[in-house]
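So this block is work-v9.cif, mmCIF, C-alpha atoms and all ligand atoms:
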data_structure
#
loop_
_atom_site.label_atom_id
_atom_site.label_comp_id
_atom_site.auth_asym_id
_atom_site.auth_seq_id
_atom_site.Cartn_x
_atom_site.Cartn_y
_atom_site.Cartn_z
CA MET A 922 23.09 -8.46 17.92
CA GLU A 923 24.74 -6.95 14.85
CA ILE A 924 23.71 -6.52 11.25
CA THR A 925 26.10 -8.50 9.06
CA ASP A 926 24.63 -8.04 5.59
CA VAL A 927 21.98 -5.97 3.78
CA ARG A 928 20.97 -6.87 0.24
CA VAL A 929 18.08 -6.63 -2.18
CA GLU A 930 16.46 -9.42 -4.15
CA ARG A 931 14.40 -8.34 -7.14
CA ILE A 932 11.66 -10.05 -9.07
CA GLU A 933 9.58 -9.19 -12.14
CA VAL A 934 6.26 -10.95 -12.66
CA PRO A 935 4.68 -10.75 -16.14
CA LEU A 936 0.88 -10.43 -16.02
CA GLU A 937 -1.51 -12.50 -18.12
CA ARG A 938 -4.18 -9.80 -17.73
CA PRO A 939 -2.78 -6.25 -18.09
CA LEU A 940 -4.09 -3.92 -15.37
CA GLY A 941 -5.68 -0.87 -17.03
CA VAL A 942 -6.08 2.40 -15.15
CA SER A 943 -6.99 6.03 -15.96
CA ARG A 944 -5.97 7.88 -19.10
CA GLY A 945 -5.39 4.69 -21.08
CA ARG A 946 -2.43 3.63 -18.96
CA SER A 947 -1.87 -0.01 -18.07
CA MET A 948 0.57 -2.35 -16.30
CA SER A 949 1.76 -5.53 -18.02
CA ALA A 950 4.26 -6.61 -15.35
CA ARG A 951 4.74 -6.10 -11.61
CA GLY A 952 8.17 -5.92 -10.01
CA ALA A 953 9.30 -6.02 -6.39
CA ALA A 954 12.44 -5.21 -4.37
CA PHE A 955 12.80 -7.36 -1.24
CA VAL A 956 15.26 -6.12 1.37
CA VAL A 957 17.05 -8.90 3.25
CA VAL A 958 18.90 -8.02 6.47
CA GLU A 959 21.15 -10.69 8.04
CA THR A 960 22.41 -10.67 11.62
CA ASP A 961 25.11 -12.43 13.62
CA ALA A 962 22.35 -13.99 15.75
CA GLY A 963 21.16 -16.06 12.80
CA ILE A 964 17.95 -14.01 12.51
CA THR A 965 17.10 -12.75 9.01
CA GLY A 966 14.68 -9.88 8.44
CA ILE A 967 12.69 -9.37 5.24
CA GLY A 968 11.20 -6.13 4.01
CA GLU A 969 9.98 -4.61 0.78
CA GLY A 970 10.48 -1.16 -0.71
CA VAL A 971 8.13 -0.01 -3.46
CA GLY A 972 9.96 2.55 -5.58
CA PRO A 973 8.10 1.63 -7.74
CA GLU A 974 11.30 0.98 -9.75
CA SER A 975 12.91 -1.97 -8.00
CA TYR A 976 16.40 -1.37 -9.46
CA ILE A 977 16.53 2.10 -7.89
CA VAL A 978 15.51 0.73 -4.50
CA GLU A 979 18.22 -1.92 -4.87
CA ARG A 980 20.91 0.65 -5.68
CA ILE A 981 20.00 2.96 -2.80
CA VAL A 982 19.76 0.15 -0.23
CA GLU A 983 22.95 -1.63 -1.26
CA GLU A 984 25.16 1.39 -1.97
CA LYS A 985 23.87 4.15 0.27
CA TYR A 986 22.26 2.46 3.29
CA ALA A 987 24.04 -0.89 3.71
CA PRO A 988 27.41 0.67 4.69
CA ARG A 989 25.65 2.67 7.44
CA LEU A 990 23.77 -0.37 8.73
CA ILE A 991 26.35 -3.16 8.81
CA GLY A 992 27.77 -3.53 12.32
CA GLU A 993 24.80 -1.74 13.92
CA ASP A 994 22.26 -3.23 16.34
CA PRO A 995 19.13 -4.04 14.24
CA LEU A 996 16.91 -3.35 17.26
CA ASP A 997 17.88 0.35 17.17
CA ILE A 998 15.15 0.86 14.59
CA GLN A 999 14.39 4.53 15.21
CA ARG A 1000 18.04 5.54 15.26
CA LEU A 1001 18.76 3.61 12.07
CA TRP A 1002 15.73 5.28 10.42
CA GLU A 1003 17.20 8.69 11.28
CA SER A 1004 20.56 7.55 9.97
CA MET A 1005 19.00 6.67 6.59
CA VAL A 1006 16.52 9.53 6.24
CA THR A 1007 17.21 12.63 8.31
CA ASP A 1008 20.89 12.61 9.31
CA THR A 1009 22.20 13.39 5.85
CA VAL A 1010 23.16 16.93 4.85
CA TYR A 1011 21.09 16.76 1.64
CA LYS A 1012 17.71 15.10 2.24
CA ASP A 1013 15.37 13.01 0.13
CA LEU A 1014 12.12 14.59 1.30
CA LYS A 1015 9.99 12.32 -0.86
CA GLY A 1016 10.61 9.59 -3.39
CA GLN A 1017 12.74 6.51 -3.79
CA GLY A 1018 15.17 7.24 -0.96
CA LEU A 1019 12.17 6.87 1.34
CA SER A 1020 11.00 3.75 -0.51
CA ALA A 1021 14.41 2.16 0.03
CA ALA A 1022 14.44 3.16 3.72
CA SER A 1023 10.92 1.71 4.04
CA GLY A 1024 12.16 -1.69 2.88
CA VAL A 1025 15.02 -1.68 5.39
CA ASP A 1026 12.74 -0.48 8.20
CA ILE A 1027 10.25 -3.30 7.57
CA ALA A 1028 13.08 -5.87 7.66
CA LEU A 1029 14.31 -4.43 10.99
CA TRP A 1030 10.81 -4.81 12.50
CA ASP A 1031 10.75 -8.40 11.22
CA ILE A 1032 14.04 -9.02 13.06
CA ALA A 1033 12.72 -7.37 16.23
CA GLY A 1034 9.59 -9.54 16.20
CA LYS A 1035 11.62 -12.70 15.68
CA HIS A 1036 14.09 -11.66 18.40
CA HIS A 1037 11.30 -11.10 20.93
CA GLY A 1038 9.27 -14.10 19.70
CA VAL A 1039 6.09 -12.11 18.95
CA PRO A 1040 4.24 -10.82 15.88
CA VAL A 1041 5.25 -7.26 14.93
CA TYR A 1042 1.81 -5.83 15.80
CA ARG A 1043 2.44 -6.91 19.41
CA LEU A 1044 5.59 -4.77 19.50
CA LEU A 1045 3.45 -1.87 18.22
CA GLY A 1046 1.00 -2.32 21.10
CA GLY A 1047 -1.65 -4.18 19.13
CA PRO A 1048 -3.89 -5.73 18.29
CA VAL A 1049 -6.52 -3.04 18.83
CA GLY A 1050 -9.32 -5.11 17.29
CA GLY A 1051 -9.99 -8.58 16.03
CA ASP A 1052 -9.63 -9.88 12.50
CA LEU A 1053 -9.01 -7.50 9.61
CA LYS A 1054 -11.69 -6.43 7.12
CA PRO A 1055 -10.34 -6.63 3.56
CA TYR A 1056 -11.70 -5.11 0.38
CA ALA A 1057 -10.99 -6.68 -3.01
CA SER A 1058 -8.64 -4.36 -4.91
CA ASP A 1059 -8.86 -5.21 -8.60
CA LEU A 1060 -11.49 -4.28 -11.23
CA PHE A 1061 -9.06 -2.63 -13.59
CA TRP A 1062 -10.36 -1.19 -16.86
CA GLN A 1063 -12.27 -3.60 -19.05
CA ASP A 1064 -15.73 -3.58 -20.65
CA PRO A 1065 -18.58 -2.90 -18.17
CA GLU A 1066 -20.02 -6.43 -18.29
CA THR A 1067 -16.67 -8.09 -17.49
CA MET A 1068 -15.98 -5.65 -14.67
CA ALA A 1069 -19.46 -6.13 -13.20
CA GLU A 1070 -19.17 -9.90 -13.34
CA ARG A 1071 -15.78 -9.82 -11.64
CA ALA A 1072 -17.07 -7.37 -8.98
CA GLY A 1073 -19.98 -9.69 -8.22
CA SER A 1074 -17.64 -12.68 -7.94
CA TYR A 1075 -15.62 -10.95 -5.19
CA VAL A 1076 -18.76 -10.19 -3.20
CA ASP A 1077 -19.79 -13.84 -3.65
CA ARG A 1078 -16.39 -14.82 -2.18
CA GLY A 1079 -17.23 -12.78 0.93
CA PHE A 1080 -15.56 -9.40 0.39
CA ALA A 1081 -17.60 -6.60 1.97
CA GLY A 1082 -16.17 -4.04 -0.47
CA VAL A 1083 -14.59 -3.90 -3.93
CA LYS A 1084 -12.39 -1.26 -5.54
CA THR A 1085 -12.29 -0.35 -9.20
CA HIS A 1086 -9.92 1.72 -11.37
CA LEU A 1087 -11.64 4.21 -13.66
CA GLY A 1088 -10.79 7.64 -15.05
CA ARG A 1089 -11.36 7.48 -18.81
CA GLY A 1090 -14.16 10.06 -19.15
CA ILE A 1091 -17.42 10.60 -17.28
CA ASP A 1092 -19.66 8.62 -19.66
CA ALA A 1093 -17.41 5.54 -19.86
CA ASP A 1094 -16.84 5.72 -16.08
CA GLU A 1095 -20.57 5.96 -15.34
CA GLU A 1096 -21.40 2.93 -17.49
CA ARG A 1097 -18.99 0.86 -15.43
CA VAL A 1098 -20.02 2.26 -12.03
CA ALA A 1099 -23.68 1.56 -12.83
CA ALA A 1100 -22.94 -2.00 -13.96
CA MET A 1101 -20.79 -2.77 -10.90
CA ARG A 1102 -23.22 -1.18 -8.45
CA ASP A 1103 -25.92 -3.35 -9.93
CA ALA A 1104 -23.76 -6.48 -9.61
CA ILE A 1105 -22.65 -6.02 -5.99
CA GLY A 1106 -25.90 -4.96 -4.31
CA ASP A 1107 -25.25 -3.51 -0.85
CA ALA A 1108 -21.49 -4.17 -0.80
CA GLU A 1109 -19.23 -1.10 -0.71
CA LEU A 1110 -17.81 0.27 -3.97
CA MET A 1111 -14.55 2.24 -3.88
CA VAL A 1112 -13.48 4.13 -7.01
CA ASP A 1113 -9.82 4.93 -7.76
CA MET A 1114 -8.91 7.44 -10.49
CA ASN A 1115 -5.11 7.08 -10.14
CA CYS A 1116 -4.71 10.87 -10.55
CA GLY A 1117 -6.61 10.81 -13.85
CA TYR A 1118 -8.56 14.08 -13.79
CA ASP A 1119 -8.11 17.84 -13.70
CA ARG A 1120 -10.17 19.92 -11.27
CA PRO A 1121 -13.30 20.55 -13.43
CA ASP A 1122 -13.61 16.91 -14.54
CA ALA A 1123 -12.89 15.63 -11.05
CA ARG A 1124 -15.79 17.74 -9.78
CA ARG A 1125 -18.19 16.54 -12.50
CA VAL A 1126 -17.23 12.88 -12.03
CA GLY A 1127 -17.43 13.20 -8.23
CA ARG A 1128 -21.03 14.43 -8.49
CA MET A 1129 -21.86 11.48 -10.74
CA LEU A 1130 -20.34 9.04 -8.20
CA GLU A 1131 -22.60 10.44 -5.48
CA ASP A 1132 -25.60 8.99 -7.33
CA TYR A 1133 -24.16 5.49 -6.91
CA ASP A 1134 -23.39 5.63 -3.19
CA VAL A 1135 -19.63 5.28 -3.75
CA TYR A 1136 -17.73 4.62 -0.52
CA TRP A 1137 -14.64 6.68 -1.40
CA TYR A 1138 -13.32 8.61 -4.41
CA GLU A 1139 -9.58 7.92 -4.58
CA GLU A 1140 -6.89 10.13 -6.10
CA PRO A 1141 -9.13 12.08 -8.49
CA LEU A 1142 -6.36 14.70 -8.89
CA SER A 1143 -2.60 14.86 -9.14
CA PRO A 1144 -0.98 14.44 -5.71
CA TYR A 1145 0.76 17.78 -6.30
CA ASP A 1146 -2.62 19.56 -6.12
CA VAL A 1147 -3.36 19.43 -2.40
CA ASP A 1148 -5.41 22.65 -2.58
CA GLY A 1149 -7.49 21.09 -5.35
CA LEU A 1150 -8.19 18.03 -3.19
CA ALA A 1151 -9.17 20.25 -0.27
CA ALA A 1152 -11.56 22.22 -2.54
CA LEU A 1153 -13.14 18.98 -3.83
CA GLN A 1154 -13.51 17.78 -0.27
CA GLU A 1155 -15.57 20.91 0.46
CA GLU A 1156 -17.69 20.60 -2.67
CA LEU A 1157 -18.51 16.91 -2.81
CA ALA A 1158 -20.51 14.62 -0.54
CA VAL A 1159 -18.53 11.51 -1.58
CA PRO A 1160 -15.54 11.00 0.80
CA LEU A 1161 -12.07 11.57 -0.71
CA ALA A 1162 -9.14 9.20 -0.34
CA ALA A 1163 -5.47 9.81 -1.18
CA GLY A 1164 -1.96 9.28 0.11
CA GLU A 1165 -0.28 6.42 -1.78
CA ASN A 1166 1.96 9.06 -3.42
CA GLU A 1167 2.75 10.84 -0.15
CA TYR A 1168 5.74 10.28 2.10
CA THR A 1169 6.55 10.64 5.80
CA LYS A 1170 4.66 12.21 8.67
CA TRP A 1171 5.61 15.65 7.35
CA GLY A 1172 3.93 15.01 3.99
CA PHE A 1173 0.79 13.68 5.67
CA ARG A 1174 0.77 16.60 8.10
CA ASP A 1175 0.35 18.88 5.07
CA LEU A 1176 -2.53 16.77 3.72
CA PHE A 1177 -4.25 16.74 7.11
CA GLU A 1178 -3.75 20.44 7.80
CA ALA A 1179 -5.27 21.25 4.40
CA ASP A 1180 -8.22 18.96 5.30
CA ALA A 1181 -7.66 17.32 1.91
CA VAL A 1182 -8.74 13.72 2.65
CA ASP A 1183 -11.31 11.69 4.59
CA TYR A 1184 -9.32 8.49 4.06
CA ALA A 1185 -5.53 8.69 4.29
CA MET A 1186 -3.66 5.98 2.40
CA PRO A 1187 0.01 5.80 3.43
CA ASP A 1188 1.85 2.98 1.66
CA VAL A 1189 3.98 1.24 4.29
CA MET A 1190 6.50 0.26 1.59
CA ARG A 1191 6.92 3.86 0.38
CA CYS A 1192 6.05 6.33 3.15
CA GLY A 1193 8.93 5.34 5.46
CA GLY A 1194 8.19 1.80 6.59
CA ILE A 1195 6.38 0.52 9.67
CA THR A 1196 8.06 3.15 11.87
CA GLU A 1197 6.72 6.04 9.81
CA ALA A 1198 3.35 4.51 8.91
CA THR A 1199 2.47 4.13 12.60
CA LYS A 1200 3.29 7.82 13.11
CA VAL A 1201 1.11 8.78 10.13
CA CYS A 1202 -1.68 6.73 11.76
CA ALA A 1203 -1.27 8.62 15.03
CA LEU A 1204 -1.33 11.95 13.19
CA ALA A 1205 -4.47 10.86 11.34
CA GLU A 1206 -6.08 9.91 14.63
CA ALA A 1207 -5.39 13.40 15.98
CA HIS A 1208 -7.01 14.92 12.88
CA GLY A 1209 -10.05 12.63 12.94
CA THR A 1210 -8.99 11.07 9.65
CA VAL A 1211 -9.49 7.39 8.88
CA VAL A 1212 -6.51 5.44 7.53
CA SER A 1213 -6.73 2.67 4.96
CA PRO A 1214 -3.13 2.01 3.95
CA HIS A 1215 -2.34 1.62 0.26
CA CYS A 1216 -1.07 -1.91 -0.44
CA PHE A 1217 -0.81 -3.41 -3.90
CA THR A 1218 2.38 -5.43 -3.85
CA THR A 1219 3.73 -8.81 -2.72
CA GLY A 1220 2.93 -10.88 0.37
CA VAL A 1221 5.79 -9.18 2.24
CA GLY A 1222 4.16 -5.78 1.77
CA LEU A 1223 0.76 -7.20 2.63
CA ALA A 1224 2.13 -8.64 5.88
CA ALA A 1225 3.80 -5.34 6.85
CA THR A 1226 0.51 -3.55 6.17
CA MET A 1227 -1.50 -6.08 8.19
CA HIS A 1228 0.71 -5.51 11.25
CA VAL A 1229 0.32 -1.71 10.99
CA VAL A 1230 -3.46 -1.93 10.54
CA ALA A 1231 -3.74 -4.36 13.45
CA ALA A 1232 -2.01 -1.93 15.81
CA SER A 1233 -3.71 1.39 15.00
CA PRO A 1234 -7.18 2.56 16.07
CA ALA A 1235 -7.14 4.95 13.05
CA CYS A 1236 -7.16 2.08 10.54
CA GLU A 1237 -10.13 0.67 8.68
CA TRP A 1238 -10.19 -1.77 5.74
CA LEU A 1239 -7.23 -3.78 4.48
CA GLU A 1240 -6.48 -3.42 0.76
CA PHE A 1241 -6.30 -7.00 -0.51
CA ASP A 1242 -5.22 -8.10 -3.99
CA PRO A 1243 -7.45 -10.99 -5.11
CA THR A 1244 -5.88 -11.34 -8.59
CA ASP A 1245 -4.00 -14.59 -7.83
CA PHE A 1246 -0.64 -12.81 -7.90
CA PRO A 1247 1.86 -15.70 -7.50
CA VAL A 1248 4.04 -13.92 -4.90
CA TYR A 1249 1.23 -12.99 -2.52
CA GLU A 1250 -0.38 -15.51 -0.16
CA ALA A 1251 2.41 -17.96 -1.09
CA LEU A 1252 5.02 -15.92 0.84
CA PHE A 1253 3.14 -16.28 4.15
CA GLU A 1254 4.00 -18.98 6.64
CA THR A 1255 0.24 -19.24 7.26
CA PRO A 1256 -1.44 -17.91 4.08
CA PRO A 1257 -4.21 -15.39 4.82
CA GLU A 1258 -7.68 -16.70 4.10
CA LEU A 1259 -11.00 -14.93 3.87
CA GLU A 1260 -13.50 -16.30 6.36
CA ASP A 1261 -16.85 -14.59 6.85
CA GLY A 1262 -15.43 -11.49 5.17
CA ARG A 1263 -12.46 -11.29 7.56
CA ILE A 1264 -8.79 -12.23 7.60
CA ALA A 1265 -7.12 -13.49 10.77
CA LEU A 1266 -3.93 -11.83 12.05
CA PRO A 1267 -0.63 -13.67 11.59
CA GLU A 1268 0.58 -15.35 14.77
CA GLU A 1269 4.18 -16.14 13.85
CA PRO A 1270 7.04 -14.06 15.33
CA GLY A 1271 8.03 -11.13 13.13
CA LEU A 1272 6.04 -10.49 9.96
CA GLY A 1273 5.23 -14.15 9.32
CA VAL A 1274 6.63 -14.30 5.78
CA SER A 1275 9.62 -15.88 4.04
CA LEU A 1276 11.20 -15.65 0.58
CA ASP A 1277 10.61 -19.19 -0.57
CA GLU A 1278 12.90 -19.88 -3.54
CA ASP A 1279 10.25 -22.17 -5.03
CA VAL A 1280 7.92 -19.14 -5.14
CA ILE A 1281 10.20 -16.26 -6.16
CA GLY A 1282 12.90 -18.17 -8.05
CA GLU A 1283 11.24 -18.18 -11.46
CA PHE A 1284 10.65 -14.40 -11.31
CA ARG A 1285 14.10 -13.35 -10.12
CA VAL A 1286 16.00 -10.65 -12.03
CA ASP A 1287 19.60 -9.47 -11.54
MG MG A 1301 -4.91 3.94 -5.51
#

Give the structure from this file in structure tokens form.
Amino acid sequence: MEITDVRVERIEVPLERPLGVSRGRSMSARGAAFVVVETDAGITGIGEGVGPESYIVERIVEEKYAPRLIGEDPLDIQRLWESMVTDTVYKDLKGQGLSAASGVDIALWDIAGKHHGVPVYRLLGGPVGGDLKPYASDLFWQDPETMAERAGSYVDRGFAGVKTHLGRGIDADEERVAAMRDAIGDAELMVDMNCGYDRPDARRVGRMLEDYDVYWYEEPLSPYDVDGLAALQEELAVPLAAGENEYTKWGFRDLFEADAVDYAMPDVMRCGGITEATKVCALAEAHGTVVSPHCFTTGVGLAATMHVVAASPACEWLEFDPTDFPVYEALFETPPELEDGRIALPEEPGLGVSLDEDVIGEFRVD
């Protein structure tokens, strides 16, 4: 089998409800770069690279990687990964070169699964457990009552945990944590600061979160401050989570060696694809660190993440976007559904997703 074409399809989805995070920042649209790999066997693979800028992922995939991939055997996934990432004289250690390679890598795994007629997690040696346990990842910045009501609605739908995005000062944060804790009862509450604090404030806020039995305290600090994370980890009782801004097994090795996180959060669409995410999971396992991959993107990214989680004993919790994003469940051949707080694994060969023109067409950008 040979790769005959590699291209990127981009979409931009405007949001009715802007997603507010720390420091007054907010998202009013969400874009995506889908990588499509065609073969002479008639099998098409689909992946996604989260740059986050989709036009940069497109440029790197189509101009830098495609010429190296066309004519190659798509089943040579590891060798093609090296060809994109490590064989060059000047390396992209972190950043969008890795995001672009992640999208290609995911598409190659999709091809491999379709070629062998099995779901990707089977090729990775999974599944290691049964159904996946999702948490509802939403609860962006709004007034406390609205956030509490929304948090409660997710628990009513059957989610065993909910995640919120705070980081606008200890008093405003505490009002919202208290309201949400009250609304969700015994369900787990994860708190994400999206790198919103400096060291002293991160310490003060972390102590406040301990009073509300918060499950994890995510990205309190800049990802550049690994020593700061490690110090917080020593000082606080609330478990720390980070990793969505980290890349490759080498980046995660540094986080693990510094003992900077309890929960590692590689993003399959950024850290180096399925190939690299499974290695990060193995490294985490060796360090006694739990993995809950970061995943806040389209259905293609969700599927890739589900296959990684299904195949690693280090993984716990699936980040699930319950915001009715139009390019999410709709891209699955069998849309994931929450039943008794769990989501069943896909059973189709490959990733189990497709780029339905009826779904992505209206959001397409050139
Ligand atoms: Mg996060």

- [ ] Considering only C-alpha atoms, return as number ranges by chain whatever protein or nucleic-acid residues lie within 6 Å of region 1091-1104 of chain A, sequence-local ones (same chain, fewer than 2 positions apart) excluded.
- [x] A: 1065, 1069, 1073, 1087, 1106, 1126

Open item on the list: Taking all atoms listed in the file into account, name the residue in A:Arg1089, A:Arg1285, A:Lys1084, A:Arg1124 that is nearest to ligand MG 1301 (chain A).
Closed with: A:Lys1084

TODO: List all protein, DNA and RNA residues that have an atom no more than 9 Å from any atom of ligand MG 1301 (chain A), counting only C-alpha atoms and all ligand atoms, and report them as a ChimeraX atom specification.
DONE: /A:1086,1112-1116,1139-1140,1162-1166,1186,1215-1217

Open item on the list: So that I can see what lies close to Ala1235 (chain A), please list as an NGL selection string the residues with an atom at most 9 Å from it, counting only C-alpha atoms and leaving out residues fewer than 4 positions away in the same chain.
Closed with: :A and (1202-1203 or 1205-1206 or 1209-1213 or 1230)

Open item on the list: Restricting the calculation to all atoms listed in the file: of A:Val1135, A:Ile991, A:Val929, A:Leu1204, which residue gets closest to Val956 (chain A)?
Closed with: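 The answer is A:Val929, which sits nearest to Val956 (chain A).
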
- [ ] List the neighbours of Ile924 (chain A) out to 12 Å using all atoms listed in the file; skip same-chain residues closer than 2 positions along the sequence, and give me the result as number ranges by chain.
- [x] A: 922, 926-928, 957-966, 987-998, 1001, 1025, 1028-1029, 1032

Open item on the list: Excluding Ala1224 (chain A) and its own-chain neighbours fewer than 3 positions away, which residues fall within 10 Å of it when counting all atoms listed in the file? Please give them as a list of chain:residue names.
Closed with: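 Those residues are A:Gly968, A:Ile1027, A:Val1041, A:Cys1216, A:Thr1219, A:Gly1220, A:Val1221, A:Met1227, A:His1228, A:Val1229, A:Val1230, A:Tyr1249, A:Glu1250, A:Leu1252, A:Phe1253, A:Pro1257, A:Leu1266, A:Pro1267, A:Gly1271, A:Leu1272, A:Gly1273, A:Val1274.
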
Keeping only C-alpha atoms, write those residues as a tab-separated table (two decimals), keeping the file's coordinate frame.
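Saved as result13.tsv:
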chain	number	residue	atom	x	y	z
A	968	GLY	CA	11.20	-6.13	4.01
A	1027	ILE	CA	10.25	-3.30	7.57
A	1041	VAL	CA	5.25	-7.26	14.93
A	1216	CYS	CA	-1.07	-1.91	-0.44
A	1219	THR	CA	3.73	-8.81	-2.72
A	1220	GLY	CA	2.93	-10.88	0.37
A	1221	VAL	CA	5.79	-9.18	2.24
A	1227	MET	CA	-1.50	-6.08	8.19
A	1228	HIS	CA	0.71	-5.51	11.25
A	1229	VAL	CA	0.32	-1.71	10.99
A	1230	VAL	CA	-3.46	-1.93	10.54
A	1249	TYR	CA	1.23	-12.99	-2.52
A	1250	GLU	CA	-0.38	-15.51	-0.16
A	1252	LEU	CA	5.02	-15.92	0.84
A	1253	PHE	CA	3.14	-16.28	4.15
A	1257	PRO	CA	-4.21	-15.39	4.82
A	1266	LEU	CA	-3.93	-11.83	12.05
A	1267	PRO	CA	-0.63	-13.67	11.59
A	1271	GLY	CA	8.03	-11.13	13.13
A	1272	LEU	CA	6.04	-10.49	9.96
A	1273	GLY	CA	5.23	-14.15	9.32
A	1274	VAL	CA	6.63	-14.30	5.78

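Picture a line from CA of Glu1269 (chain A) to CA of Ala1232 (chain A); it runs 15.6 Å.
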
Open item on the list: Considering only C-alpha atoms, can you say which of A:Val1159, A:Val1280, A:Ala1231, A:Ala1123 comes closest to Ser1143 (chain A)?
Closed with: A:Ala1123

Task: Selection: 10 Å around Asp1122 (chain A), all atoms listed in the file, excl. self and same-chain fewer than 4 positions, as a list in words - done: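 Answer for this query is Gly1088, Gly1090, Ile1091, Gly1117, Tyr1118, Val1126, Gly1127, Arg1128, Pro1141 and Leu1142 of chain A.
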
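The interatomic distance for the pair CA of Asp1059 (chain A) and CA of Arg1263 (chain A) works out to 17.6 Å.
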
Open item on the list: Using all atoms listed in the file for the distances, tell me which of A:Asp1287, A:Asp1261, A:Glu974, A:Glu983 is nearest to Ser1020 (chain A).
Closed with: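 Of A:Asp1287, A:Asp1261, A:Glu974, A:Glu983, the one nearest Ser1020 (chain A), counting all atoms listed in the file, is A:Glu974.
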
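Here CA of Ala953 (chain A) is placed at a distance of 6.8 Å from CA of Val971 (chain A).
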
- [ ] Using all atoms listed in the file, pick whichever of A:Gly972, A:Gly1038, A:Gly1262, A:Pro1048 has the shortest atom-to-atom distance to Thr1218 (chain A).
- [x] A:Gly972

Open item on the list: Using all atoms listed in the file - which residues lie no farther than 12 Å from the point (-21.0, 17.9, -4.4) in the file's frame? Write them as a ChimeraX atom specification.
Closed with: /A:1123-1132,1152-1161

Task: Option closest in space to Tyr986 (chain A), from A:Ala1057, A:Ala1022, A:Ile932, A:Ala954 [counting only C-alpha atoms] - done: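 Among A:Ala1057, A:Ala1022, A:Ile932, A:Ala954, it is A:Ala1022 that comes nearest to Tyr986 (chain A).
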
As JSON: centre and edge lengths in Å, one decimal, of the axis-aligned box holding region 1066-1078 of chain A with 8 Å per side:
{"center_x": -17.8, "center_y": -10.2, "center_z": -10.2, "size_x": 20.4, "size_y": 25.2, "size_z": 32.1}

With all heavy atoms as the goal, would you fill in the gaps in region 982-986 of chain A and present it as a PDB file, in the coordinates of the input?
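Done, and the output landed in selection.pdb:
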ATOM      1  N   VAL A 982      19.571   0.987  -1.429  1.00  0.00           N
ATOM      2  CA  VAL A 982      19.760   0.150  -0.230  1.00  0.00           C
ATOM      3  C   VAL A 982      21.191  -0.378  -0.186  1.00  0.00           C
ATOM      4  O   VAL A 982      21.878  -0.267   0.848  1.00  0.00           O
ATOM      5  CB  VAL A 982      18.755  -1.033  -0.217  1.00  0.00           C
ATOM      6  CG1 VAL A 982      19.139  -2.046   0.863  1.00  0.00           C
ATOM      7  CG2 VAL A 982      17.341  -0.522   0.017  1.00  0.00           C
ATOM      8  N   GLU A 983      21.656  -0.931  -1.307  1.00  0.00           N
ATOM      9  CA  GLU A 983      22.950  -1.630  -1.260  1.00  0.00           C
ATOM     10  C   GLU A 983      24.135  -0.663  -1.244  1.00  0.00           C
ATOM     11  O   GLU A 983      25.159  -0.941  -0.629  1.00  0.00           O
ATOM     12  CB  GLU A 983      23.051  -2.622  -2.423  1.00  0.00           C
ATOM     13  CG  GLU A 983      22.036  -3.764  -2.257  1.00  0.00           C
ATOM     14  CD  GLU A 983      22.222  -4.897  -3.252  1.00  0.00           C
ATOM     15  OE1 GLU A 983      22.992  -4.733  -4.212  1.00  0.00           O
ATOM     16  OE2 GLU A 983      21.585  -5.954  -3.051  1.00  0.00           O
ATOM     17  N   GLU A 984      23.994   0.496  -1.910  1.00  0.00           N
ATOM     18  CA  GLU A 984      25.160   1.390  -1.970  1.00  0.00           C
ATOM     19  C   GLU A 984      25.120   2.509  -0.945  1.00  0.00           C
ATOM     20  O   GLU A 984      26.146   2.935  -0.453  1.00  0.00           O
ATOM     21  CB  GLU A 984      25.285   1.968  -3.382  1.00  0.00           C
ATOM     22  CG  GLU A 984      25.581   0.855  -4.365  1.00  0.00           C
ATOM     23  CD  GLU A 984      26.149   1.331  -5.684  1.00  0.00           C
ATOM     24  OE1 GLU A 984      26.704   2.445  -5.742  1.00  0.00           O
ATOM     25  OE2 GLU A 984      26.020   0.580  -6.652  1.00  0.00           O
ATOM     26  N   LYS A 985      23.926   3.013  -0.648  1.00  0.00           N
ATOM     27  CA  LYS A 985      23.870   4.150   0.270  1.00  0.00           C
ATOM     28  C   LYS A 985      23.622   3.714   1.721  1.00  0.00           C
ATOM     29  O   LYS A 985      24.285   4.200   2.636  1.00  0.00           O
ATOM     30  CB  LYS A 985      22.760   5.108  -0.175  1.00  0.00           C
ATOM     31  CG  LYS A 985      22.643   6.378   0.653  1.00  0.00           C
ATOM     32  CD  LYS A 985      21.630   7.349   0.067  1.00  0.00           C
ATOM     33  CE  LYS A 985      21.509   8.590   0.936  1.00  0.00           C
ATOM     34  NZ  LYS A 985      20.474   9.514   0.436  1.00  0.00           N
ATOM     35  N   TYR A 986      22.646   2.802   1.917  1.00  0.00           N
ATOM     36  CA  TYR A 986      22.260   2.460   3.290  1.00  0.00           C
ATOM     37  C   TYR A 986      23.075   1.318   3.899  1.00  0.00           C
ATOM     38  O   TYR A 986      23.404   1.365   5.094  1.00  0.00           O
ATOM     39  CB  TYR A 986      20.763   2.124   3.356  1.00  0.00           C
ATOM     40  CG  TYR A 986      19.839   3.273   2.992  1.00  0.00           C
ATOM     41  CD1 TYR A 986      18.569   3.039   2.484  1.00  0.00           C
ATOM     42  CD2 TYR A 986      20.242   4.604   3.172  1.00  0.00           C
ATOM     43  CE1 TYR A 986      17.712   4.083   2.150  1.00  0.00           C
ATOM     44  CE2 TYR A 986      19.394   5.648   2.832  1.00  0.00           C
ATOM     45  CZ  TYR A 986      18.132   5.383   2.324  1.00  0.00           C
ATOM     46  OH  TYR A 986      17.293   6.410   2.004  1.00  0.00           O
TER      47      TYR A 986
END
